[in-house]
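Below is one structure, written out as structure tokens; the observations come after it.
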Amino acid sequence: MIVTSEKLTNVAFASLSEYTGGGLSSFRRLAAMAQPDFKHLKRRVEQDVLILTLADSEIISEGVTEDLRLELLAAVGSQESPKVVIDFQAVKLISTTCLRALLSFRRHLREKGGQPLLCNLGPQVAEVLFTTRMVSPTPSALIPFAMAPDVPAAVNHLSASSSQR
């Protein structure tokens, strides 16, 4: 018996349909879960540091904030001891709901032995983060997030801190 790729695809799809209980839409959902397509951030890696660049200029609604939180968590995935830079370059305005998402993400990273670092904070974003004592220009055990002026400085900081361990 000769098995063609078409037959193999049909068998795989039939098995997937049985497994997921659905047709093509279930297959597409499963494929989308395997390769996350982020709407609110861009992801790249430099010197073993994950850089997550926020794409929205305003992060103020509950819906966008929750979507962003889920994308941040998905971007880290199962990575152990992740070093993560969150780049705010495009962000002009955030609300307190964004702070909840950032704290949730930080807690997740800390549980995995990771550390986050914020950078490229615009004036209004920095004001919210400083006022709420989420960031500080100097390291403090009482402040949840460290910050850097830009991505290269953040990557250097995280790379240096991991080499000292």
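So you can find residues: chains in the structure tokens are A, B, ... in the order shown, residues in each start at 1, and ligands are numbered from 1 in order.
The environment of segment 45-48 of chain A within 12 Å, counting only C-alpha atoms and disregarding residues fewer than 4 places along the same chain, consists of Leu52, Thr53, Ala75, Val76, Gln79, Glu80, Ser81, Pro82, Lys83, Val84, Val85, Ile86, Val151, Pro152, Ala153, Ala154, Val155, Asn156, His157, Leu158, Ser159, Ala160, Ser162 and Ser163 of chain A.
Within the 10 Å cut-off around Lys92 of chain A, using only C-alpha atoms and omitting residues fewer than 4 positions from it on the same chain, the listed residues are Asp56, Ser57, Glu58, Ile59, Phe88, Leu121, Gly122, Pro123, Gln124, Val125 and Ala126 of chain A.
Atom CA of Leu142 of chain A to atom CA of Ala55 of chain A spans 28.7 Å [interatomic distance, one decimal].
Residues within 9 Å of Glu62 of chain A, counting only C-alpha atoms and excluding same-chain residues fewer than 3 positions away, are A:Ile59, A:Thr65, A:Glu66, A:Asp67, A:Thr97, A:Cys98.
Atom pair atom CA of Ser161 of chain A / atom CA of Ala74 of chain A has a distance of 24.2 Å (rounded to one decimal).
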